[in-house]
Each structure stands twice: as structure tokens, then as C-alpha cells.
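Colleague: My file is structure.txt. It has compact mmCIF, C-alpha atoms (C1' of nucleotides):
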# COMPACT_ATOMS: atom_id res chain seq x y z
CA MET A 265 -29.04 -14.63 -2.28
CA THR A 266 -28.43 -11.92 -4.86
CA ALA A 267 -28.74 -13.22 -8.41
CA VAL A 268 -25.48 -12.86 -10.29
CA LYS A 269 -25.27 -13.73 -13.95
CA LYS A 270 -22.71 -16.49 -14.42
CA SER A 271 -19.46 -15.42 -16.05
CA GLU A 272 -19.88 -14.27 -19.61
CA LYS A 273 -16.27 -14.68 -20.65
CA ILE A 274 -14.37 -11.66 -21.83
CA THR A 275 -12.19 -11.67 -24.93
CA ARG A 276 -8.42 -11.64 -24.66
CA PRO A 277 -7.90 -8.14 -26.14
CA ASP A 278 -10.57 -6.65 -23.84
CA CYS A 279 -8.87 -8.33 -20.95
CA VAL A 280 -5.44 -6.94 -21.82
CA THR A 281 -6.88 -3.44 -22.30
CA SER A 282 -8.72 -3.64 -19.02
CA LEU A 283 -5.61 -4.81 -17.22
CA SER A 284 -3.60 -1.82 -18.27
CA ALA A 285 -6.46 0.65 -17.85
CA VAL A 286 -7.09 -0.47 -14.29
CA GLY A 287 -3.35 -0.38 -13.71
CA ASP A 288 -3.29 3.25 -14.86
CA ALA A 289 -6.29 4.11 -12.71
CA PHE A 290 -4.80 2.56 -9.58
CA TYR A 291 -1.57 4.39 -10.20
CA VAL A 292 -3.30 7.69 -9.35
CA ILE A 293 -6.29 6.74 -7.22
CA GLY A 294 -5.08 3.52 -5.62
CA GLY A 295 -4.12 3.29 -1.99
CA LYS A 296 -6.10 3.42 1.19
CA TRP A 297 -7.04 7.08 1.26
CA LYS A 298 -7.26 8.89 -2.08
CA LEU A 299 -10.79 7.90 -3.05
CA ARG A 300 -12.02 8.48 0.46
CA ILE A 301 -10.67 12.01 0.48
CA ILE A 302 -12.34 12.64 -2.86
CA ILE A 303 -15.63 11.33 -1.49
CA ALA A 304 -15.37 13.57 1.56
CA LEU A 305 -14.82 16.56 -0.73
CA SER A 306 -17.71 15.57 -3.01
CA GLU A 307 -20.01 16.89 -0.33
CA GLY A 308 -18.46 20.34 -0.56
CA THR A 309 -15.21 22.17 0.24
CA LYS A 310 -13.52 21.25 3.50
CA ARG A 311 -10.72 22.55 5.67
CA PHE A 312 -7.77 20.39 6.69
CA ASN A 313 -8.99 19.49 10.15
CA GLU A 314 -12.53 18.93 8.93
CA LEU A 315 -11.20 16.43 6.43
CA GLN A 316 -9.14 14.70 9.07
CA ARG A 317 -12.20 14.30 11.29
CA MET A 318 -14.31 13.03 8.40
CA VAL A 319 -11.88 10.51 6.94
CA GLU A 320 -11.64 8.25 9.96
CA GLY A 321 -8.25 6.96 10.92
CA ILE A 322 -6.05 9.19 8.77
CA SER A 323 -3.17 11.04 10.40
CA ALA A 324 -2.23 14.65 9.65
CA ARG A 325 1.02 13.61 8.03
CA VAL A 326 -0.66 11.16 5.66
CA LEU A 327 -3.58 13.49 4.90
CA SER A 328 -1.12 16.23 4.06
CA SER A 329 0.87 14.09 1.65
CA GLU A 330 -2.24 12.58 0.05
CA LEU A 331 -3.67 16.05 -0.55
CA LYS A 332 -0.43 17.08 -2.25
CA ASP A 333 -0.65 14.05 -4.55
CA LEU A 334 -4.29 14.74 -5.33
CA GLU A 335 -3.54 18.39 -6.05
CA MET A 336 -0.66 17.45 -8.33
CA ASN A 337 -2.90 15.10 -10.28
CA GLY A 338 -5.66 17.65 -10.69
CA PHE A 339 -8.30 16.15 -8.40
CA VAL A 340 -8.21 18.83 -5.76
CA THR A 341 -7.51 22.54 -5.51
CA ARG A 342 -6.12 24.26 -2.46
CA ASN A 343 -7.52 27.70 -1.66
CA VAL A 344 -5.85 29.84 0.96
CA HIS A 345 -7.85 32.64 2.56
CA ALA A 346 -5.00 34.74 3.86
CA ASP A 347 -7.26 37.69 4.64
CA THR A 348 -9.28 35.90 7.32
CA PHE A 349 -8.43 35.15 10.90
CA PRO A 350 -6.11 32.11 11.61
CA VAL A 351 -5.57 31.74 7.80
CA VAL A 352 -8.07 29.23 6.54
CA VAL A 353 -7.18 26.71 3.84
CA GLU A 354 -9.99 25.14 1.89
CA TYR A 355 -9.75 22.05 -0.27
CA GLU A 356 -12.12 21.63 -3.16
CA ALA A 357 -12.80 18.76 -5.55
CA THR A 358 -12.25 19.67 -9.21
CA GLY A 359 -14.28 18.70 -12.25
CA TYR A 360 -11.75 15.98 -12.88
CA ALA A 361 -12.59 14.45 -9.51
CA ASP A 362 -16.23 14.49 -10.65
CA SER A 363 -15.28 12.28 -13.58
CA LEU A 364 -14.83 9.53 -11.01
CA ARG A 365 -18.54 9.55 -10.24
CA ASP A 366 -19.33 6.22 -11.93
CA VAL A 367 -16.36 4.56 -10.29
CA LEU A 368 -17.44 5.80 -6.88
CA LYS A 369 -21.05 4.80 -7.47
CA ALA A 370 -20.09 1.27 -8.50
CA LEU A 371 -17.62 0.93 -5.65
CA THR A 372 -20.10 2.24 -3.09
CA ALA A 373 -22.83 -0.13 -4.29
CA TRP A 374 -20.45 -3.07 -4.23
CA GLY A 375 -19.13 -2.18 -0.79
CA LYS A 376 -22.67 -2.07 0.65
CA MET A 377 -23.51 -5.43 -0.93
CA HIS A 378 -20.28 -6.94 0.31
CA ARG A 379 -20.84 -5.78 3.86
CA LYS A 380 -24.28 -7.41 3.88
CA ARG A 381 -22.78 -10.65 2.64
CA ILE A 382 -20.08 -10.60 5.29
CA ARG A 383 -22.66 -9.99 8.01
CA LYS A 384 -24.73 -12.89 6.76
CA GLN A 385 -21.67 -15.15 6.82
CA ALA A 386 -20.78 -14.07 10.35
CA GLU A 387 -24.37 -14.81 11.38
CA LEU A 388 -24.12 -18.36 9.99
CA GLU A 389 -20.77 -18.87 11.71
CA ARG A 390 -22.29 -17.76 14.97
CA GLN A 391 -25.21 -20.18 14.64
CA LYS A 392 -22.91 -23.10 13.88
CA THR A 393 -20.71 -22.30 16.86
CA THR A 394 -23.71 -22.02 19.18
CA LYS A 395 -25.04 -25.40 18.10
CA ARG A 396 -21.65 -27.02 18.57
CA ALA A 397 -21.34 -25.64 22.11
CA MET B 233 -12.17 18.26 -23.83
CA THR B 234 -14.59 15.75 -22.38
CA ALA B 235 -17.72 17.38 -21.00
CA VAL B 236 -18.06 16.74 -17.27
CA LYS B 237 -21.11 17.90 -15.38
CA LYS B 238 -20.08 20.29 -12.66
CA SER B 239 -20.29 18.91 -9.12
CA GLU B 240 -23.82 18.15 -8.04
CA LYS B 241 -23.21 18.15 -4.32
CA ILE B 242 -23.88 15.00 -2.36
CA THR B 243 -25.74 14.98 0.96
CA ARG B 244 -23.89 14.37 4.20
CA PRO B 245 -25.50 10.99 5.01
CA ASP B 246 -24.78 9.69 1.47
CA CYS B 247 -21.23 10.84 1.87
CA VAL B 248 -20.75 9.05 5.19
CA THR B 249 -22.29 5.86 3.80
CA SER B 250 -20.12 6.03 0.74
CA LEU B 251 -17.01 6.57 2.84
CA SER B 252 -17.53 3.42 4.83
CA ALA B 253 -18.74 1.35 1.85
CA VAL B 254 -15.67 2.23 -0.17
CA GLY B 255 -13.57 1.56 2.90
CA ASP B 256 -15.09 -1.94 3.13
CA ALA B 257 -14.58 -2.55 -0.58
CA PHE B 258 -10.93 -1.51 -0.48
CA TYR B 259 -10.36 -3.72 2.51
CA VAL B 260 -10.82 -6.80 0.30
CA ILE B 261 -10.07 -5.62 -3.23
CA GLY B 262 -7.67 -2.76 -2.56
CA GLY B 263 -3.98 -3.03 -3.20
CA LYS B 264 -2.00 -3.10 -6.38
CA TRP B 265 -2.87 -6.58 -7.64
CA LYS B 266 -6.21 -8.04 -6.53
CA LEU B 267 -8.44 -6.48 -9.18
CA ARG B 268 -5.90 -7.18 -11.88
CA ILE B 269 -5.82 -10.85 -10.99
CA ILE B 270 -9.61 -10.96 -11.08
CA ILE B 271 -9.60 -9.31 -14.51
CA ALA B 272 -7.08 -11.83 -15.82
CA LEU B 273 -9.30 -14.65 -14.60
CA SER B 274 -12.44 -13.07 -16.08
CA GLU B 275 -11.21 -14.28 -19.44
CA GLY B 276 -11.22 -17.89 -18.26
CA THR B 277 -9.37 -20.21 -15.87
CA LYS B 278 -5.62 -19.81 -15.70
CA ARG B 279 -2.66 -21.66 -14.26
CA PHE B 280 -0.20 -20.04 -11.89
CA ASN B 281 2.52 -19.26 -14.40
CA GLU B 282 0.00 -18.12 -16.99
CA LEU B 283 -1.35 -15.65 -14.48
CA GLN B 284 2.11 -14.42 -13.64
CA ARG B 285 2.86 -13.80 -17.30
CA MET B 286 -0.44 -12.01 -17.82
CA VAL B 287 -0.36 -9.75 -14.78
CA GLU B 288 2.75 -7.83 -15.69
CA GLY B 289 5.23 -7.10 -12.95
CA ILE B 290 3.89 -9.37 -10.23
CA SER B 291 6.33 -11.72 -8.51
CA ALA B 292 5.56 -15.34 -7.69
CA ARG B 293 5.64 -14.63 -3.99
CA VAL B 294 3.12 -11.82 -4.24
CA LEU B 295 0.90 -13.65 -6.72
CA SER B 296 0.81 -16.64 -4.41
CA SER B 297 -0.20 -14.62 -1.36
CA GLU B 298 -2.75 -12.58 -3.31
CA LEU B 299 -4.37 -15.75 -4.65
CA LYS B 300 -4.66 -17.09 -1.10
CA ASP B 301 -6.37 -13.88 -0.02
CA LEU B 302 -8.72 -13.98 -2.99
CA GLU B 303 -9.55 -17.62 -2.33
CA MET B 304 -10.24 -16.91 1.33
CA ASN B 305 -12.59 -14.10 0.39
CA GLY B 306 -14.49 -16.18 -2.14
CA PHE B 307 -13.35 -14.51 -5.36
CA VAL B 308 -11.32 -17.41 -6.68
CA THR B 309 -11.31 -21.20 -6.50
CA ARG B 310 -8.21 -23.35 -6.76
CA ASN B 311 -8.56 -26.61 -8.68
CA VAL B 312 -5.76 -29.15 -8.53
CA HIS B 313 -5.54 -31.77 -11.28
CA ALA B 314 -3.43 -34.33 -9.45
CA ASP B 315 -4.03 -36.99 -12.09
CA THR B 316 -2.26 -35.13 -14.90
CA PHE B 317 1.42 -34.75 -15.65
CA PRO B 318 3.42 -32.15 -13.59
CA VAL B 319 0.27 -31.59 -11.42
CA VAL B 320 -1.62 -28.69 -12.88
CA VAL B 321 -3.32 -26.11 -10.68
CA GLU B 322 -6.07 -24.01 -12.20
CA TYR B 323 -7.50 -20.82 -10.77
CA GLU B 324 -11.03 -19.83 -11.58
CA ALA B 325 -13.06 -16.69 -10.88
CA THR B 326 -16.23 -17.35 -8.87
CA GLY B 327 -19.68 -15.83 -9.26
CA TYR B 328 -18.78 -13.45 -6.48
CA ALA B 329 -15.90 -12.13 -8.56
CA ASP B 330 -18.46 -11.52 -11.31
CA SER B 331 -20.37 -9.23 -8.97
CA LEU B 332 -17.48 -6.80 -9.44
CA ARG B 333 -18.37 -6.37 -13.10
CA ASP B 334 -19.74 -2.81 -12.76
CA VAL B 335 -16.76 -1.75 -10.67
CA LEU B 336 -14.36 -3.12 -13.25
CA LYS B 337 -16.27 -1.56 -16.12
CA ALA B 338 -16.28 1.86 -14.50
CA LEU B 339 -12.64 1.59 -13.52
CA THR B 340 -11.58 0.43 -16.98
CA ALA B 341 -13.47 3.25 -18.67
CA TRP B 342 -11.99 5.80 -16.31
CA GLY B 343 -8.49 4.41 -16.74
CA LYS B 344 -8.71 4.69 -20.52
CA MET B 345 -9.99 8.26 -20.28
CA HIS B 346 -7.28 9.18 -17.80
CA ARG B 347 -4.53 7.78 -19.99
CA LYS B 348 -5.74 9.90 -22.91
CA ARG B 349 -5.74 12.97 -20.73
CA ILE B 350 -2.23 12.29 -19.49
CA ARG B 351 -0.99 11.81 -23.04
CA LYS B 352 -2.58 15.09 -24.07
CA GLN B 353 -0.90 16.88 -21.18
CA ALA B 354 2.47 15.37 -22.02
CA GLU B 355 2.00 16.54 -25.63
CA LEU B 356 1.36 20.11 -24.48
CA GLU B 357 4.38 19.98 -22.18
CA ARG B 358 6.52 18.80 -25.06
CA GLN B 359 5.33 21.62 -27.32
CA LYS B 360 6.03 24.25 -24.69
CA THR B 361 9.52 22.86 -24.07
CA THR B 362 10.28 22.78 -27.81
CA LYS B 363 9.22 26.40 -28.24
CA ARG B 364 11.31 27.47 -25.26
CA ALA B 365 14.40 25.72 -26.65
C1' DG C 24 -0.80 33.17 31.66
C1' DT C 25 -2.62 28.82 30.14
C1' DT C 26 -5.22 26.59 26.95
C1' DA C 27 -7.05 25.78 22.40
C1' DC C 28 -7.78 26.51 17.69
C1' DT C 29 -5.82 27.34 12.72
C1' DA C 30 -2.80 24.20 9.17
C1' DG C 31 0.37 22.05 8.88
C1' DT C 32 5.97 20.15 9.17
C1' DA C 33 9.98 17.59 11.41
C1' DT C 34 11.63 13.72 13.38
C1' DA C 35 11.89 9.10 14.57
C1' DC C 36 10.17 4.85 14.44
C1' DA C 37 7.02 0.66 13.37
C1' DA C 38 4.42 -2.05 10.33
C1' DA C 39 2.87 -3.55 5.96
C1' DA C 40 3.54 -4.34 1.23
C1' DG C 41 6.26 -5.73 -2.29
C1' DG C 42 10.66 -7.29 -4.74
C1' DT C 43 14.85 -10.55 -5.29
C1' DT C 44 17.03 -14.63 -5.21
C1' DA C 45 17.35 -19.18 -4.56
C1' DG C 46 15.43 -23.64 -3.92
C1' DT C 47 11.90 -27.70 -3.67
C1' DA C 48 10.29 -32.42 -6.68
C1' DG C 49 9.34 -34.68 -10.60
C1' DT C 50 9.38 -35.22 -15.62
C1' DA C 51 10.78 -34.64 -20.16
C1' DA C 52 12.96 -32.57 -24.04
C1' DC C 53 17.79 -31.69 -26.13
C1' DG D 15 23.58 -34.64 -18.01
C1' DT D 16 21.94 -30.10 -18.42
C1' DT D 17 18.21 -27.39 -19.05
C1' DA D 18 13.40 -26.21 -18.57
C1' DC D 19 8.89 -26.71 -17.18
C1' DT D 20 5.21 -27.43 -13.20
C1' DA D 21 3.67 -24.56 -8.75
C1' DC D 22 5.05 -22.77 -5.54
C1' DT D 23 7.86 -21.33 -0.61
C1' DA D 24 11.66 -19.34 2.49
C1' DA D 25 14.74 -15.95 3.55
C1' DC D 26 16.06 -11.58 3.15
C1' DC D 27 15.87 -6.74 1.65
C1' DT D 28 13.73 -2.31 0.15
C1' DT D 29 10.00 0.71 -0.32
C1' DT D 30 5.82 2.42 1.03
C1' DT D 31 2.68 3.55 4.36
C1' DG D 32 1.41 4.80 8.75
C1' DT D 33 1.98 6.29 13.88
C1' DA D 34 3.42 9.26 17.65
C1' DT D 35 5.14 13.21 19.45
C1' DA D 36 6.57 17.60 19.33
C1' DC D 37 6.75 22.00 17.24
C1' DT D 38 5.64 26.39 14.32
C1' DA D 39 2.68 31.40 14.57
C1' DG D 40 -1.02 34.12 15.62
C1' DT D 41 -5.34 34.97 18.07
C1' DA D 42 -8.81 34.58 21.36
C1' DA D 43 -11.40 32.65 25.02
C1' DC D 44 -10.98 31.56 30.17
Once you've parsed the file, please lay out its structure as C-alpha cells.
Modeller:
Amino acid sequence: MTAVKKSEKITRPDCVTSLSAVGDAFYVIGGKWKLRIIIALSEGTKRFNELQRMVEGISARVLSSELKDLEMNGFVTRNVHADTFPVVVEYEATGYADSLRDVLKALTAWGKMHRKRIRKQAELERQKTTKRA
Amino acid sequence: MTAVKKSEKITRPDCVTSLSAVGDAFYVIGGKWKLRIIIALSEGTKRFNELQRMVEGISARVLSSELKDLEMNGFVTRNVHADTFPVVVEYEATGYADSLRDVLKALTAWGKMHRKRIRKQAELERQKTTKRA
DNA sequence: GTTACTAGTATACAAAAGGTTAGTAGTAAC
DNA sequence: GTTACTACTAACCTTTTGTATACTAGTAAC
């Protein structure tokens, strides 16, 4: 099992600060899709349909409204190439989106760890059930 | 303005991994309240009403259902002191909740930074408006 | 001429999340 | 005896989020 240092307690003022800071953060990047769209764009600029294919499960309507939010909050820019053939629109992550790097790194690492743990638990469940049967 | 390194691009496989890892993470700790409850408990054990006072804006109904979720997923334990007066219930963060430390640190730091940025923007807006008037 | 691709929007509806209000039992302070 | 505290829960309502389908215009492959 992964070694986890046992709870060093946090002071009350730190806790209150953290509460409101995380509240502020979730106000703009909370929700099911925003961070995932930012991750998809961290690989490079993408067109609307490319994004929709990459971010699994998102509908055009939701992607469209999420992109508007992200643009409004300065995480994404929308570039229209009107000169080209069908009219191509490219979405690009801004420098401000890059400021989320540490958050994304931590969240990605935790997500990987969590998935492993869940798999291990499911494994144990399966073994118990098999023995019982 | 805070210096932010301009987008080092991320490789496609990293991006796909990150997308699903963050998806997994948000499946259990996404939503408006879960991380905030965990932060409140990182300061030490808390009773139900204490938690509700600390996590501003949460209703009893939502706090109750969030705590059940968190307990089910191993982030929180529920300790009932049946011997005492009104029957006190204490909630405690587990070691698994502690594994979120880096996520919370990154998110807290980003939230603080973001709030500063927003305040700066509002300031500029205000100045422009004053000049116009 | 039918189909498909571009990047969406409109409409209608369903589901999920969250908020509001009121109420439970038991004690104890005013 | 009324109020308040303990830790919730039920019922109901609103808001947010998401789904499905159809549609736009312009081109180009079949």
C-alpha cells in the first residue's frame, strides 16, 4: 500500500483561507468539463469537432457553452480562419490556462493513484465473492 | 504580472492519460462541496453543525448526502459517541483524504493567485469607467 | 443529386444537483 | 412552557447540466 504520512493538522486560518481559495478556483474551473477541455488544448490548438472527439462524452451544445465560459475567463482564445475553405475555427489555450499546470499535474497523479486503488479493491471484492460461491 | 512559462506542449499519450485520470478524480471529488468538506476536516475532527457553519453556504441536506458519499469512498469516517449527552457524531478525515494534499495545495495556491488577478481586473475596469464618466 | 464535412445554434426535454422549509427526539437552559 | 441545541431526513421546488434531434451555409467527393 502507498505510504501516506498521517494527518499533520492544519491551522484554522490556513484552513479558512484554503476554503475560500478552493471555492474561488472551483467557481471558474469546476464542473465536469472545463479542466478536461483545457487538458485537451494543452497538447496544441484544436478545432471544434476535434475537441468533441477528444473529450469523450461531451455534446456539441455543452462543448460550445463551456468554450464560451473558458474564453470569457481568459483560458482559451478562439481564432477564426475566414480565408480558408469551410471556415475553420481554432481554439487555443492561453498563458493563463498554463498557470493551471501544477493543479493538473497533481490532479492527474492523484487520479492515476486512485484508479489503481479502486482496481485493487474490485479485485479483492471479486476474490471474496468467488470464495463465497 | 506573474511570469508564466509559455506552453510547453504535451505529448498526445500524456494528454489522453491525463484526460482519463482527471475524469476519474472528478468522479469522486468533483462537485461544489466535496473538497471543501475535506479541507474543513483537515484541521481536525468536526461535528455536523460545526461543519455546516464552516463550509459556508452548504445546506444540511446537501452536507448530509456529501458526507455519505465521502464515507463510502473512504475519505471520511463517522464516529458516533452514543454514551454522551445529545449523542455527538464526529467526522474525521482518513489517511486517504490526506493523499489529496498536493491537489489541495495546488488548488489553494491557484485560487489565491486567481483572486488577485480578478481583483486587479476589476480595479482596471473601475478606473476606465470613472474616466469615461 | 445525395451524402458528408465545416462549426455551430434552436428547440424540447430529461436528469442531476442543489436549495428551502419543516419536522423528528431528547435534553437543558431561561 | 418556550426556546434552542444535537444530527439529521422528507418533501418539494429551482437551477444547472446534459441529451437528442433537427437545422443553418457552403463546398466537394461520389
Colleague: May I have the residues within 10 Å of region 30-40 of chain C as a list of chain:residue names, using only C-alpha atoms (C1' of nucleotides) and disregarding those fewer than 3 positions away in the same chain?
Modeller: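 Final neighbour list, sorted by chain and number: A:Arg311, A:Phe312, A:Asn313, A:Ala324, A:Arg325, A:Ser328, A:Pro350, A:Val351, A:Val352, A:Val353, B:Gly263, B:Lys264, B:Val294, D:DT29, D:DT30, D:DT31, D:DG32, D:DT33, D:DA34, D:DT35, D:DA36, D:DC37, D:DT38.
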Colleague: Taking all atoms listed in the file into account, find every residue of chain D that has an atom no more than 9 Å from chain B, and write it out as a ChimeraX atom specification.
Modeller: /D:19-23
Colleague: Kindly provide the residues of chain A that approach chain B to within 7 Å, each paired with its closest atom pair and their distance in Å to one decimal, based on only C-alpha atoms, listed by chain and increasing number, as a Markdown table.
Modeller:
| residue | atom | partner | partner_atom | distance |
| --- | --- | --- | --- | --- |
| A:Val268 | CA | B:Ser331 | CA | 6.4 |
| A:Lys270 | CA | B:Gly327 | CA | 6.0 |
| A:Ser271 | CA | B:Asp330 | CA | 6.2 |
| A:Lys273 | CA | B:Glu275 | CA | 5.2 |
| A:Ile274 | CA | B:Glu275 | CA | 4.7 |
| A:Thr275 | CA | B:Glu275 | CA | 6.2 |
| A:Arg276 | CA | B:Glu275 | CA | 6.5 |
| A:Cys279 | CA | B:Ala272 | CA | 6.5 |
| A:Ser282 | CA | B:Thr340 | CA | 5.4 |
| A:Leu283 | CA | B:Arg268 | CA | 5.8 |
| A:Ala285 | CA | B:Gly343 | CA | 4.4 |
| A:Val286 | CA | B:Thr340 | CA | 5.3 |
| A:Asp288 | CA | B:Gly343 | CA | 5.6 |
| A:Ala289 | CA | B:Gly343 | CA | 4.6 |
| A:Gly295 | CA | B:Gly263 | CA | 6.4 |
| A:Arg300 | CA | B:Leu251 | CA | 5.8 |
| A:Ile303 | CA | B:Cys247 | CA | 6.5 |
| A:Ala304 | CA | B:Cys247 | CA | 6.5 |
| A:Ser306 | CA | B:Lys241 | CA | 6.2 |
| A:Glu307 | CA | B:Ile242 | CA | 4.8 |
| A:Gly308 | CA | B:Lys241 | CA | 6.4 |
| A:Gly359 | CA | B:Lys238 | CA | 6.0 |
| A:Asp362 | CA | B:Ser239 | CA | 6.2 |
| A:Ser363 | CA | B:Val236 | CA | 6.4 |
| A:Asp366 | CA | B:Ala338 | CA | 5.9 |
| A:Val367 | CA | B:Ala338 | CA | 5.0 |
| A:Ala370 | CA | B:Val335 | CA | 5.0 |
| A:Leu371 | CA | B:Val335 | CA | 5.8 |
| A:Thr372 | CA | B:Ala253 | CA | 5.2 |
| A:Trp374 | CA | B:Ala257 | CA | 6.9 |
| A:Gly375 | CA | B:Ala253 | CA | 4.4 |
| A:Lys376 | CA | B:Ala253 | CA | 5.3 |
| A:Arg379 | CA | B:Asp256 | CA | 7.0 |
Colleague: Calculate how many Å separate C1' of DA43 (chain D) from CA of Arg317 (chain A), rounding to one decimal.
Modeller: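 Rounded to one decimal, the two atoms are 22.9 Å apart.
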Colleague: Which value, in Å to one decimal, gives the distance between CA of Glu314 (chain A) and CA of Glu354 (chain A)?
Modeller: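 Going from CA of Glu314 (chain A) over to CA of Glu354 (chain A), I get 9.7 Å.
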Colleague: Can you check which parts of chain C lie within 12 Å of chain B? Per residue, the shortest pair of atoms and distance in Å to one decimal, counting all atoms listed in the file, sorted by chain and number, as CSV.
Modeller:
residue,atom,partner,partner_atom,distance
C:DA39,C1',B:Gly263,CA,11.4
C:DA40,C1',B:Gly263,CA,8.8
C:DG41,C1',B:Val294,CA,7.1
C:DG42,C1',B:Ser291,CA,7.3
C:DT43,C1',B:Ser291,CA,9.2
C:DT44,C1',B:Arg293,CA,11.5
C:DA48,C1',B:Pro318,CA,9.7
C:DG49,C1',B:Pro318,CA,7.1
C:DT50,C1',B:Pro318,CA,7.0
C:DA51,C1',B:Pro318,CA,10.2
Colleague: For the atom pair CA of Tyr355 (chain A) and C1' of DG40 (chain D), what is the interatomic distance in Å to one decimal place?
Modeller: 21.8 Å
Colleague: Any chance you could build region 351-365 of chain A out to N, CA and C atoms and write it as a short mmCIF file (atom, residue, chain, number, x, y, z; two decimals), in the coordinates of the input?
Modeller:
data_model
loop_
_atom_site.label_atom_id
_atom_site.label_comp_id
_atom_site.auth_asym_id
_atom_site.auth_seq_id
_atom_site.Cartn_x
_atom_site.Cartn_y
_atom_site.Cartn_z
N VAL A 351 -5.98 32.18 9.14
CA VAL A 351 -5.57 31.74 7.80
C VAL A 351 -6.20 30.39 7.53
N VAL A 352 -7.30 30.44 6.80
CA VAL A 352 -8.07 29.23 6.54
C VAL A 352 -7.70 28.67 5.17
N VAL A 353 -7.48 27.37 5.10
CA VAL A 353 -7.18 26.71 3.84
C VAL A 353 -8.34 25.79 3.49
N GLU A 354 -8.88 25.99 2.30
CA GLU A 354 -9.99 25.14 1.89
C GLU A 354 -9.59 24.24 0.73
N TYR A 355 -10.00 23.00 0.81
CA TYR A 355 -9.75 22.05 -0.27
C TYR A 355 -11.05 21.82 -1.02
N GLU A 356 -10.93 21.75 -2.32
CA GLU A 356 -12.12 21.63 -3.16
C GLU A 356 -11.87 20.58 -4.24
N ALA A 357 -12.90 19.75 -4.48
CA ALA A 357 -12.80 18.76 -5.55
C ALA A 357 -12.95 19.48 -6.89
N THR A 358 -12.18 19.07 -7.88
CA THR A 358 -12.25 19.67 -9.21
C THR A 358 -13.24 18.91 -10.09
N GLY A 359 -13.46 19.40 -11.28
CA GLY A 359 -14.28 18.70 -12.25
C GLY A 359 -13.69 17.35 -12.60
N TYR A 360 -12.38 17.26 -12.56
CA TYR A 360 -11.75 15.98 -12.88
C TYR A 360 -12.09 14.93 -11.81
N ALA A 361 -12.17 15.37 -10.57
CA ALA A 361 -12.59 14.45 -9.51
C ALA A 361 -14.02 13.97 -9.78
N ASP A 362 -14.85 14.86 -10.32
CA ASP A 362 -16.23 14.49 -10.65
C ASP A 362 -16.29 13.39 -11.70
N SER A 363 -15.28 13.32 -12.54
CA SER A 363 -15.28 12.28 -13.58
C SER A 363 -15.19 10.89 -12.97
N LEU A 364 -14.90 10.82 -11.69
CA LEU A 364 -14.83 9.53 -11.01
C LEU A 364 -16.19 9.06 -10.50
N ARG A 365 -17.23 9.86 -10.81
CA ARG A 365 -18.54 9.55 -10.24
C ARG A 365 -18.98 8.10 -10.43
#
